[in-house]
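File shown here: start13.cif, holding mmCIF, C-alpha atoms, pLDDT in the B column; chains and numbers go by the auth columns.
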data_structure
#
loop_
_atom_site.group_PDB
_atom_site.id
_atom_site.type_symbol
_atom_site.label_atom_id
_atom_site.label_comp_id
_atom_site.label_asym_id
_atom_site.label_seq_id
_atom_site.Cartn_x
_atom_site.Cartn_y
_atom_site.Cartn_z
_atom_site.B_iso_or_equiv
_atom_site.auth_seq_id
_atom_site.auth_asym_id
ATOM 1 C CA PRO A 1 18.287 -3.277 1.411 78.00 11 A
ATOM 2 C CA LEU A 2 19.600 -4.621 4.719 88.00 12 A
ATOM 3 C CA LEU A 3 18.282 -8.101 3.953 94.00 13 A
ATOM 4 C CA LEU A 4 19.739 -8.119 0.451 95.00 14 A
ATOM 5 C CA LYS A 5 23.225 -7.373 1.813 92.00 15 A
ATOM 6 C CA SER A 6 23.260 -10.950 3.108 91.00 16 A
ATOM 7 C CA ALA A 7 24.550 -13.149 0.268 92.00 17 A
ATOM 8 C CA PRO A 8 22.097 -15.760 -1.093 94.00 18 A
ATOM 9 C CA ARG A 9 23.065 -19.321 -0.201 94.00 19 A
ATOM 10 C CA ASN A 10 21.314 -21.286 -2.926 95.00 20 A
ATOM 11 C CA GLN A 11 19.945 -20.862 -6.434 95.00 21 A
ATOM 12 C CA ARG A 12 16.384 -20.219 -5.267 96.00 22 A
ATOM 13 C CA ALA A 13 17.531 -17.518 -2.866 96.00 23 A
ATOM 14 C CA ALA A 14 19.618 -15.917 -5.622 97.00 24 A
ATOM 15 C CA ARG A 15 16.570 -15.747 -7.883 96.00 25 A
ATOM 16 C CA VAL A 16 14.538 -14.079 -5.139 96.00 26 A
ATOM 17 C CA HIS A 17 17.345 -11.624 -4.365 97.00 27 A
ATOM 18 C CA ALA A 18 17.315 -10.614 -8.035 96.00 28 A
ATOM 19 C CA LEU A 19 13.557 -10.049 -7.967 96.00 29 A
ATOM 20 C CA LEU A 20 13.674 -7.926 -4.826 97.00 30 A
ATOM 21 C CA GLY A 21 16.702 -6.010 -6.067 96.00 31 A
ATOM 22 C CA GLN A 22 14.652 -4.727 -9.018 96.00 32 A
ATOM 23 C CA TRP A 23 11.419 -4.202 -7.080 96.00 33 A
ATOM 24 C CA ASN A 24 9.872 -0.716 -7.071 96.00 34 A
ATOM 25 C CA HIS A 25 8.252 -1.390 -3.654 95.00 35 A
ATOM 26 C CA PHE A 26 4.714 -1.220 -5.040 96.00 36 A
ATOM 27 C CA MET A 27 2.512 -3.756 -3.216 97.00 37 A
ATOM 28 C CA LEU A 28 0.625 -4.949 -6.298 97.00 38 A
ATOM 29 C CA THR A 29 -1.612 -8.014 -6.313 96.00 39 A
ATOM 30 C CA SER A 30 -0.082 -9.291 -9.553 97.00 40 A
ATOM 31 C CA ARG A 31 3.524 -9.308 -8.316 98.00 41 A
ATOM 32 C CA PRO A 32 5.550 -11.856 -6.299 98.00 42 A
ATOM 33 C CA GLU A 33 7.845 -9.344 -4.566 98.00 43 A
ATOM 34 C CA PRO A 34 5.338 -8.047 -1.970 98.00 44 A
ATOM 35 C CA LEU A 35 4.575 -11.619 -0.933 98.00 45 A
ATOM 36 C CA ILE A 36 8.243 -12.597 -0.697 98.00 46 A
ATOM 37 C CA TYR A 37 9.126 -9.491 1.295 97.00 47 A
ATOM 38 C CA THR A 38 6.224 -9.833 3.726 97.00 48 A
ATOM 39 C CA ALA A 39 6.816 -13.543 4.307 98.00 49 A
ATOM 40 C CA TRP A 40 10.562 -12.944 4.738 98.00 50 A
ATOM 41 C CA ILE A 41 10.274 -10.256 7.418 97.00 51 A
ATOM 42 C CA THR A 42 7.582 -12.286 9.185 96.00 52 A
ATOM 43 C CA GLU A 43 9.857 -15.316 9.391 96.00 53 A
ATOM 44 C CA LEU A 44 12.863 -13.186 10.308 96.00 54 A
ATOM 45 C CA GLN A 45 11.069 -11.728 13.307 95.00 55 A
ATOM 46 C CA ARG A 46 10.043 -15.233 14.322 93.00 56 A
ATOM 47 C CA GLY A 47 13.663 -16.389 14.116 93.00 57 A
ATOM 48 C CA LEU A 48 14.985 -13.429 16.089 94.00 58 A
ATOM 49 C CA LEU A 49 12.426 -13.295 18.874 92.00 59 A
ATOM 50 C CA ALA A 50 10.450 -16.513 19.297 90.00 60 A
ATOM 51 C CA ASP A 51 13.215 -18.460 21.053 87.00 61 A
ATOM 52 C CA GLU A 52 13.886 -15.575 23.436 86.00 62 A
ATOM 53 C CA LEU A 53 10.307 -14.603 24.255 87.00 63 A
ATOM 54 C CA GLY A 54 8.584 -17.981 24.170 85.00 64 A
ATOM 55 C CA ASP A 55 5.660 -18.958 21.970 80.00 65 A
ATOM 56 C CA GLU A 56 2.857 -17.280 23.916 82.00 66 A
ATOM 57 C CA LEU A 57 4.518 -13.881 24.273 87.00 67 A
ATOM 58 C CA TYR A 58 5.790 -13.979 20.700 86.00 68 A
ATOM 59 C CA LYS A 59 2.306 -14.664 19.309 83.00 69 A
ATOM 60 C CA SER A 60 1.050 -11.481 20.960 84.00 70 A
ATOM 61 C CA LEU A 61 3.387 -9.415 18.756 80.00 71 A
ATOM 62 C CA ALA A 62 1.652 -10.464 15.525 76.00 72 A
ATOM 63 C CA ALA A 63 2.798 -7.798 13.027 90.00 73 A
ATOM 64 C CA PRO A 64 6.496 -7.609 12.078 93.00 74 A
ATOM 65 C CA ASN A 65 8.314 -4.720 13.732 93.00 75 A
ATOM 66 C CA VAL A 66 10.758 -3.595 11.039 93.00 76 A
ATOM 67 C CA ALA A 67 12.378 -0.915 13.218 94.00 77 A
ATOM 68 C CA LEU A 68 13.083 -3.446 15.975 94.00 78 A
ATOM 69 C CA MET A 69 14.537 -5.995 13.552 96.00 79 A
ATOM 70 C CA THR A 70 16.735 -3.346 11.946 96.00 80 A
ATOM 71 C CA ARG A 71 18.131 -2.371 15.340 96.00 81 A
ATOM 72 C CA ILE A 72 18.826 -6.005 16.240 95.00 82 A
ATOM 73 C CA LEU A 73 20.635 -6.685 12.975 95.00 83 A
ATOM 74 C CA ARG A 74 22.753 -3.539 13.290 95.00 84 A
ATOM 75 C CA GLU A 75 23.331 -3.240 17.032 95.00 85 A
ATOM 76 C CA GLN A 76 22.334 -6.424 18.893 94.00 86 A
ATOM 77 C CA PRO A 77 23.583 -9.432 16.876 93.00 87 A
ATOM 78 C CA GLY A 78 23.323 -11.705 19.905 93.00 88 A
ATOM 79 C CA TRP A 79 19.580 -11.931 19.240 92.00 89 A
ATOM 80 C CA CYS A 80 20.345 -13.583 15.898 95.00 90 A
ATOM 81 C CA ASP A 81 21.520 -16.768 17.619 93.00 91 A
ATOM 82 C CA ASP A 82 18.891 -19.497 17.881 88.00 92 A
ATOM 83 C CA GLY A 83 18.840 -20.668 21.471 84.00 93 A
ATOM 84 C CA GLY A 84 17.331 -23.980 20.386 82.00 94 A
ATOM 85 C CA THR A 85 20.453 -25.160 18.535 86.00 95 A
ATOM 86 C CA ARG A 86 23.973 -26.090 19.628 89.00 96 A
ATOM 87 C CA VAL A 87 25.682 -23.851 17.086 90.00 97 A
ATOM 88 C CA THR A 88 25.949 -20.079 17.267 92.00 98 A
ATOM 89 C CA GLU A 89 24.060 -18.462 14.393 92.00 99 A
ATOM 90 C CA THR A 90 25.081 -15.120 12.950 95.00 100 A
ATOM 91 C CA CYS A 91 22.647 -12.509 11.660 95.00 101 A
ATOM 92 C CA ASP A 92 23.454 -13.645 8.116 96.00 102 A
ATOM 93 C CA ASP A 93 22.418 -17.150 9.188 96.00 103 A
ATOM 94 C CA ALA A 94 19.162 -15.834 10.652 96.00 104 A
ATOM 95 C CA ILE A 95 18.379 -13.874 7.477 97.00 105 A
ATOM 96 C CA ALA A 96 19.121 -16.829 5.187 97.00 106 A
ATOM 97 C CA GLN A 97 17.148 -19.299 7.293 96.00 107 A
ATOM 98 C CA ALA A 98 14.177 -16.934 7.480 97.00 108 A
ATOM 99 C CA LEU A 99 14.192 -16.611 3.695 98.00 109 A
ATOM 100 C CA ASP A 100 14.260 -20.389 3.263 97.00 110 A
ATOM 101 C CA ARG A 101 11.290 -20.802 5.619 97.00 111 A
ATOM 102 C CA ALA A 102 9.391 -18.017 3.873 98.00 112 A
ATOM 103 C CA LEU A 103 9.975 -19.468 0.407 98.00 113 A
ATOM 104 C CA ASP A 104 9.039 -22.968 1.557 98.00 114 A
ATOM 105 C CA GLY A 105 5.754 -21.642 2.908 97.00 115 A
ATOM 106 C CA ILE A 106 4.915 -19.752 -0.283 98.00 116 A
ATOM 107 C CA ALA A 107 5.858 -22.726 -2.464 98.00 117 A
ATOM 108 C CA GLN A 108 3.445 -24.947 -0.550 97.00 118 A
ATOM 109 C CA GLN A 109 0.611 -22.588 -1.450 96.00 119 A
ATOM 110 C CA GLN A 110 1.564 -21.288 -4.913 98.00 120 A
ATOM 111 C CA GLY A 111 4.062 -23.733 -6.418 97.00 121 A
ATOM 112 C CA ALA A 112 7.824 -23.704 -6.872 95.00 122 A
ATOM 113 C CA ASP A 113 8.224 -20.946 -9.493 96.00 123 A
ATOM 114 C CA PRO A 114 8.669 -17.500 -7.858 96.00 124 A
ATOM 115 C CA ASP A 115 7.782 -15.759 -11.128 94.00 125 A
ATOM 116 C CA LYS A 116 4.257 -17.165 -10.830 96.00 126 A
ATOM 117 C CA TRP A 117 3.678 -16.127 -7.241 98.00 127 A
ATOM 118 C CA GLN A 118 1.176 -13.338 -6.625 98.00 128 A
ATOM 119 C CA TRP A 119 0.597 -11.113 -3.615 98.00 129 A
ATOM 120 C CA GLY A 120 -3.113 -11.034 -4.402 97.00 130 A
ATOM 121 C CA ARG A 121 -3.538 -14.784 -3.914 98.00 131 A
ATOM 122 C CA ALA A 122 -2.278 -14.487 -0.341 98.00 132 A
ATOM 123 C CA HIS A 123 -3.588 -10.988 0.386 98.00 133 A
ATOM 124 C CA LEU A 124 -7.368 -10.854 0.203 96.00 134 A
ATOM 125 C CA ALA A 125 -9.271 -7.899 1.615 95.00 135 A
ATOM 126 C CA VAL A 126 -11.687 -9.525 4.046 91.00 136 A
ATOM 127 C CA HIS A 127 -15.022 -7.793 4.646 91.00 137 A
ATOM 128 C CA ARG A 128 -16.849 -9.860 7.232 88.00 138 A
ATOM 129 C CA HIS A 129 -20.595 -9.486 7.608 85.00 139 A
ATOM 130 C CA PRO A 130 -21.248 -8.150 11.124 83.00 140 A
ATOM 131 C CA LEU A 131 -24.106 -10.585 11.725 84.00 141 A
ATOM 132 C CA PHE A 132 -23.617 -13.617 9.507 85.00 142 A
ATOM 133 C CA ASP A 133 -19.852 -14.134 9.635 84.00 143 A
ATOM 134 C CA GLY A 134 -20.337 -16.420 12.627 85.00 144 A
ATOM 135 C CA VAL A 135 -22.982 -18.538 10.875 87.00 145 A
ATOM 136 C CA PRO A 136 -21.254 -21.354 8.907 84.00 146 A
ATOM 137 C CA LEU A 137 -23.904 -21.707 6.204 83.00 147 A
ATOM 138 C CA LEU A 138 -24.137 -17.955 5.599 85.00 148 A
ATOM 139 C CA ARG A 139 -20.520 -16.851 6.134 83.00 149 A
ATOM 140 C CA ASP A 140 -19.322 -17.353 2.558 82.00 150 A
ATOM 141 C CA LEU A 141 -22.492 -15.862 1.092 82.00 151 A
ATOM 142 C CA ALA A 142 -22.565 -12.784 3.298 85.00 152 A
ATOM 143 C CA SER A 143 -18.874 -11.916 3.633 88.00 153 A
ATOM 144 C CA VAL A 144 -16.805 -10.475 0.785 90.00 154 A
ATOM 145 C CA ARG A 145 -13.177 -11.273 -0.043 92.00 155 A
ATOM 146 C CA PHE A 146 -11.162 -10.002 -2.989 94.00 156 A
ATOM 147 C CA PRO A 147 -7.457 -9.539 -3.897 96.00 157 A
ATOM 148 C CA SER A 148 -6.112 -6.250 -2.622 95.00 158 A
ATOM 149 C CA ASP A 149 -3.119 -4.089 -3.472 96.00 159 A
ATOM 150 C CA GLY A 150 -1.301 -2.381 -0.623 95.00 160 A
ATOM 151 C CA GLY A 151 0.003 -3.432 2.748 94.00 161 A
ATOM 152 C CA ALA A 152 0.640 -2.231 6.275 90.00 162 A
ATOM 153 C CA GLN A 153 2.952 0.650 5.304 89.00 163 A
ATOM 154 C CA THR A 154 1.310 1.882 2.084 92.00 164 A
ATOM 155 C CA LEU A 155 -0.951 4.863 1.488 90.00 165 A
ATOM 156 C CA ASN A 156 -3.480 2.391 0.112 91.00 166 A
ATOM 157 C CA ARG A 157 -3.522 0.665 3.486 92.00 167 A
ATOM 158 C CA ALA A 158 -4.419 -3.009 3.659 95.00 168 A
ATOM 159 C CA GLN A 159 -3.034 -4.311 6.958 94.00 169 A
ATOM 160 C CA PRO A 160 -2.578 -8.101 7.160 96.00 170 A
ATOM 161 C CA SER A 161 -3.692 -9.895 10.303 94.00 171 A
ATOM 162 C CA TYR A 162 -0.482 -11.983 10.568 94.00 172 A
ATOM 163 C CA ARG A 163 -2.577 -14.649 12.290 91.00 173 A
ATOM 164 C CA GLY A 164 -4.312 -17.905 11.470 91.00 174 A
ATOM 165 C CA PRO A 165 -4.104 -20.088 8.355 93.00 175 A
ATOM 166 C CA ARG A 166 -4.138 -17.031 6.038 95.00 176 A
ATOM 167 C CA PRO A 167 -1.859 -14.595 7.882 95.00 177 A
ATOM 168 C CA PHE A 168 -1.517 -12.100 5.033 97.00 178 A
ATOM 169 C CA ASP A 169 -5.215 -11.460 4.416 97.00 179 A
ATOM 170 C CA ALA A 170 -6.001 -7.764 4.884 96.00 180 A
ATOM 171 C CA VAL A 171 -8.238 -7.001 7.844 93.00 181 A
ATOM 172 C CA HIS A 172 -7.737 -3.240 8.284 92.00 182 A
ATOM 173 C CA GLY A 173 -7.803 -0.410 5.768 92.00 183 A
ATOM 174 C CA ALA A 174 -9.768 2.538 4.498 90.00 184 A
ATOM 175 C CA GLY A 175 -13.544 2.274 4.501 91.00 185 A
ATOM 176 C CA TYR A 176 -13.947 5.392 2.389 93.00 186 A
ATOM 177 C CA ARG A 177 -11.850 7.237 -0.169 94.00 187 A
ATOM 178 C CA ALA A 178 -12.286 10.793 -1.381 95.00 188 A
ATOM 179 C CA VAL A 179 -10.365 13.267 -3.509 95.00 189 A
ATOM 180 C CA TYR A 180 -11.715 16.782 -3.016 95.00 190 A
ATOM 181 C CA ASP A 181 -11.310 19.488 -5.657 95.00 191 A
ATOM 182 C CA PHE A 182 -11.655 22.701 -3.650 96.00 192 A
ATOM 183 C CA ALA A 183 -11.714 24.792 -6.820 96.00 193 A
ATOM 184 C CA ASP A 184 -14.653 22.779 -8.142 93.00 194 A
ATOM 185 C CA LEU A 185 -16.319 20.555 -5.552 91.00 195 A
ATOM 186 C CA ASP A 186 -18.509 18.961 -8.223 90.00 196 A
ATOM 187 C CA ASN A 187 -15.286 17.507 -9.644 93.00 197 A
ATOM 188 C CA SER A 188 -14.502 15.656 -6.388 94.00 198 A
ATOM 189 C CA ARG A 189 -14.253 11.847 -6.472 95.00 199 A
ATOM 190 C CA PHE A 190 -15.511 9.220 -4.023 95.00 200 A
ATOM 191 C CA ALA A 191 -15.426 5.457 -3.455 94.00 201 A
ATOM 192 C CA ILE A 192 -16.494 2.877 -0.885 94.00 202 A
ATOM 193 C CA PRO A 193 -15.269 -0.739 -0.861 92.00 203 A
ATOM 194 C CA LEU A 194 -18.512 -2.683 -1.238 92.00 204 A
ATOM 195 C CA GLY A 195 -21.825 -1.009 -2.045 89.00 205 A
ATOM 196 C CA GLN A 196 -24.607 1.174 -0.750 84.00 206 A
ATOM 197 C CA SER A 197 -26.886 -1.580 0.517 82.00 207 A
ATOM 198 C CA GLY A 198 -26.468 -3.663 3.639 78.00 208 A
ATOM 199 C CA ASN A 199 -28.795 -6.309 2.224 80.00 209 A
ATOM 200 C CA MET A 200 -26.495 -9.059 0.946 82.00 210 A
ATOM 201 C CA LEU A 201 -29.087 -10.047 -1.691 84.00 211 A
ATOM 202 C CA SER A 202 -29.349 -6.546 -3.122 86.00 212 A
ATOM 203 C CA PRO A 203 -27.653 -5.783 -6.469 88.00 213 A
ATOM 204 C CA TRP A 204 -26.264 -2.677 -4.758 88.00 214 A
ATOM 205 C CA ALA A 205 -24.553 -4.597 -1.949 89.00 215 A
ATOM 206 C CA ARG A 206 -21.254 -5.113 -3.825 91.00 216 A
ATOM 207 C CA ASN A 207 -21.461 -2.925 -6.899 92.00 217 A
ATOM 208 C CA PHE A 208 -18.432 -0.811 -5.915 93.00 218 A
ATOM 209 C CA VAL A 209 -15.964 -3.706 -5.467 93.00 219 A
ATOM 210 C CA ASP A 210 -14.476 -3.475 -8.973 93.00 220 A
ATOM 211 C CA ARG A 211 -14.048 0.295 -8.701 93.00 221 A
ATOM 212 C CA TRP A 212 -12.425 -0.022 -5.291 92.00 222 A
ATOM 213 C CA GLN A 213 -9.935 -2.629 -6.489 91.00 223 A
ATOM 214 C CA ALA A 214 -8.988 -0.577 -9.550 91.00 224 A
ATOM 215 C CA LEU A 215 -8.704 2.715 -7.598 90.00 225 A
ATOM 216 C CA ARG A 216 -11.539 4.208 -9.603 94.00 226 A
ATOM 217 C CA TYR A 217 -14.036 6.719 -8.263 94.00 227 A
ATOM 218 C CA ILE A 218 -17.437 8.245 -8.914 91.00 228 A
ATOM 219 C CA GLU A 219 -18.474 11.879 -8.933 89.00 229 A
ATOM 220 C CA ILE A 220 -21.301 13.196 -6.776 86.00 230 A
ATOM 221 C CA SER A 221 -22.279 16.513 -8.270 82.00 231 A
ATOM 222 C CA GLY A 222 -25.246 18.803 -8.673 83.00 232 A
ATOM 223 C CA THR A 223 -28.015 19.875 -6.358 85.00 233 A
ATOM 224 C CA ARG A 224 -30.312 17.579 -4.405 85.00 234 A
ATOM 225 C CA ALA A 225 -33.055 18.128 -6.989 88.00 235 A
ATOM 226 C CA GLU A 226 -30.695 17.280 -9.869 86.00 236 A
ATOM 227 C CA ALA A 227 -29.578 14.101 -8.117 84.00 237 A
ATOM 228 C CA ALA A 228 -33.184 13.071 -7.528 85.00 238 A
ATOM 229 C CA ARG A 229 -34.015 13.386 -11.231 85.00 239 A
ATOM 230 C CA THR A 230 -31.350 10.847 -12.227 83.00 240 A
ATOM 231 C CA ALA A 231 -31.579 8.551 -9.205 84.00 241 A
ATOM 232 C CA ILE A 232 -32.730 4.955 -9.651 84.00 242 A
ATOM 233 C CA GLY A 233 -34.653 5.163 -6.402 82.00 243 A
ATOM 234 C CA THR A 234 -34.827 6.613 -2.925 82.00 244 A
ATOM 235 C CA LEU A 235 -33.728 4.820 0.232 80.00 245 A
ATOM 236 C CA THR A 236 -35.800 5.837 3.245 84.00 246 A
ATOM 237 C CA LEU A 237 -34.626 5.125 6.788 84.00 247 A
ATOM 238 C CA ALA A 238 -37.404 5.296 9.358 88.00 248 A
ATOM 239 C CA PRO A 239 -37.763 4.222 13.002 90.00 249 A
ATOM 240 C CA PRO A 240 -39.912 1.138 13.603 87.00 250 A
ATOM 241 C CA SER A 241 -43.567 1.778 14.225 83.00 251 A
ATOM 242 C CA ARG A 242 -44.899 1.119 17.710 76.00 252 A
#
This structure in structure tokens:
Amino acid sequence: PLLLKSAPRNQRAARVHALLGQWNHFMLTSRPEPLIYTAWITELQRGLLADELGDELYKSLAAPNVALMTRILREQPGWCDDGGTRVTETCDDAIAQALDRALDGIAQQQGADPDKWQWGRAHLAVHRHPLFDGVPLLRDLASVRFPSDGGAQTLNRAQPSYRGPRPFDAVHGAGYRAVYDFADLDNSRFAIPLGQSGNMLSPWARNFVDRWQALRYIEISGTRAEAARTAIGTLTLAPPSR
């Protein structure tokens, strides 16, 4: 709301203001608003702090600090001035310029029409293979990337890195989800993001990806003997022989 109080200064900005004004704040892969918002606050923090802190110190901040930016805009407007220019910028100037930079960056990646922008194209959940991610020929085969709902402040956490050529890719989030029914534990639901196998060639290495993306779960019910009767196999972990 604080950003939208600053009047849009061009037609593109007005269109984006209208989108964000109607946004329900859900960070959905199919929507443009999460991408616009995240890019805007990222560029706003850059505009407020980078000239004061210097490039090296600013880079160490990485994630946008919304509480800090809110305090600057409300209580410390001197930080809104860009020390690299001869004019004195107001906080409205800083907000408008940050939006222009954010929209330019998105347009370079996803085209000029904001209605066609999607959070999921910029926000992939990145699951790097612990061994093969550093091997160029095996990295793409072994690691898993897929569009992810959520963000840094959502219950369905998917924290962007805010670094590198794809700063909004998610690099931190839940590795396990569970909904427990204490009245009937057999009715509890579970999900993991990839699969049950660590072998990247196994059909069970990524068989939970679709469920994870769609917030669907499986049930694990019954006794050990009942589970064994319907299991497709048994995985045995044993120490190496000497």
> Which residues come within 6 Å of segment 68-80 of chain A, counting all atoms listed in the file, excluding same-chain residues fewer than 5 positions away, as number ranges by chain?
Replying inline: A: 52, 60, 63, 172
If I wrap all listed atoms of segment 125-128 of chain A in a box with edges along x, y and z and add 4 Å on each side, what are its centre and edge lengths in Å to one decimal, as JSON?
{"center_x": 4.5, "center_y": -15.3, "center_z": -8.9, "size_x": 14.6, "size_y": 11.8, "size_z": 12.5}
Could you state which residues are captured by the PyMOL selection byres ((chain A and resi 123) around 12) in this file, as a short mmCIF file (atom, residue, chain, number, x, y, z; two decimals) with C-alpha atoms, in the frame of the given file?
data_model
loop_
_atom_site.label_atom_id
_atom_site.label_comp_id
_atom_site.auth_asym_id
_atom_site.auth_seq_id
_atom_site.Cartn_x
_atom_site.Cartn_y
_atom_site.Cartn_z
CA ARG A 22 16.38 -20.22 -5.27
CA ALA A 23 17.53 -17.52 -2.87
CA ARG A 25 16.57 -15.75 -7.88
CA VAL A 26 14.54 -14.08 -5.14
CA PRO A 42 5.55 -11.86 -6.30
CA LEU A 113 9.98 -19.47 0.41
CA ASP A 114 9.04 -22.97 1.56
CA ILE A 116 4.92 -19.75 -0.28
CA ALA A 117 5.86 -22.73 -2.46
CA GLN A 118 3.44 -24.95 -0.55
CA GLN A 119 0.61 -22.59 -1.45
CA GLN A 120 1.56 -21.29 -4.91
CA GLY A 121 4.06 -23.73 -6.42
CA ALA A 122 7.82 -23.70 -6.87
CA PRO A 124 8.67 -17.50 -7.86
CA ASP A 125 7.78 -15.76 -11.13
CA LYS A 126 4.26 -17.16 -10.83
CA TRP A 127 3.68 -16.13 -7.24
CA GLN A 128 1.18 -13.34 -6.62
#
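Shortest separation to Leu204 of chain A among A:His35, A:Arg138, A:Arg84, A:Arg176 occurs at residue A:Arg138, atoms counted being only C-alpha atoms.
Near Leu245 of chain A, within 12 Å and counting only C-alpha atoms, sit Gln206, Ser207, Gly208, Trp214, Ala238 and Ala241 of chain A, not including residues fewer than 4 positions from it in the same chain.
Here atom CA of Leu147 of chain A stands at a distance of 21.4 Å from atom CA of Asp179 of chain A.
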Judged by only C-alpha atoms, the minimum distance to Ala17 of chain A among A:Ile105, A:Leu67, A:Leu54, A:Leu30 is found for A:Ile105
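Compared by their closest atoms to His139 of chain A, and using all atoms listed in the file, the residues A:Asn209, A:Gln86, A:Thr240, A:Thr233 rank with A:Asn209 nearest.
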Shortest contact to Leu38 of chain A, candidates A:Glu53, A:Asp159, A:Asp110, A:Glu236, atoms counted all atoms listed in the file, goes to A:Asp159
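What the PyMOL selection byres ((chain A and resi 163) around 12) grabs from this file is His35, Phe36, Met37, Pro44, Thr48, Ala73, Pro74, Asn75, Val76, Asp159, Gly160, Gly161, Ala162, Thr164, Leu165, Asn166, Arg167, Ala168, Gln169, Pro170, His182 and Gly183 of chain A.
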Next, the residues of the selection above should be written as a tab-separated table (two decimals), keeping the file's coordinate frame with C-alpha atoms.
chain	number	residue	atom	x	y	z
A	35	HIS	CA	8.25	-1.39	-3.65
A	36	PHE	CA	4.71	-1.22	-5.04
A	37	MET	CA	2.51	-3.76	-3.22
A	44	PRO	CA	5.34	-8.05	-1.97
A	48	THR	CA	6.22	-9.83	3.73
A	73	ALA	CA	2.80	-7.80	13.03
A	74	PRO	CA	6.50	-7.61	12.08
A	75	ASN	CA	8.31	-4.72	13.73
A	76	VAL	CA	10.76	-3.60	11.04
A	159	ASP	CA	-3.12	-4.09	-3.47
A	160	GLY	CA	-1.30	-2.38	-0.62
A	161	GLY	CA	0.00	-3.43	2.75
A	162	ALA	CA	0.64	-2.23	6.28
A	164	THR	CA	1.31	1.88	2.08
A	165	LEU	CA	-0.95	4.86	1.49
A	166	ASN	CA	-3.48	2.39	0.11
A	167	ARG	CA	-3.52	0.66	3.49
A	168	ALA	CA	-4.42	-3.01	3.66
A	169	GLN	CA	-3.03	-4.31	6.96
A	170	PRO	CA	-2.58	-8.10	7.16
A	182	HIS	CA	-7.74	-3.24	8.28
A	183	GLY	CA	-7.80	-0.41	5.77
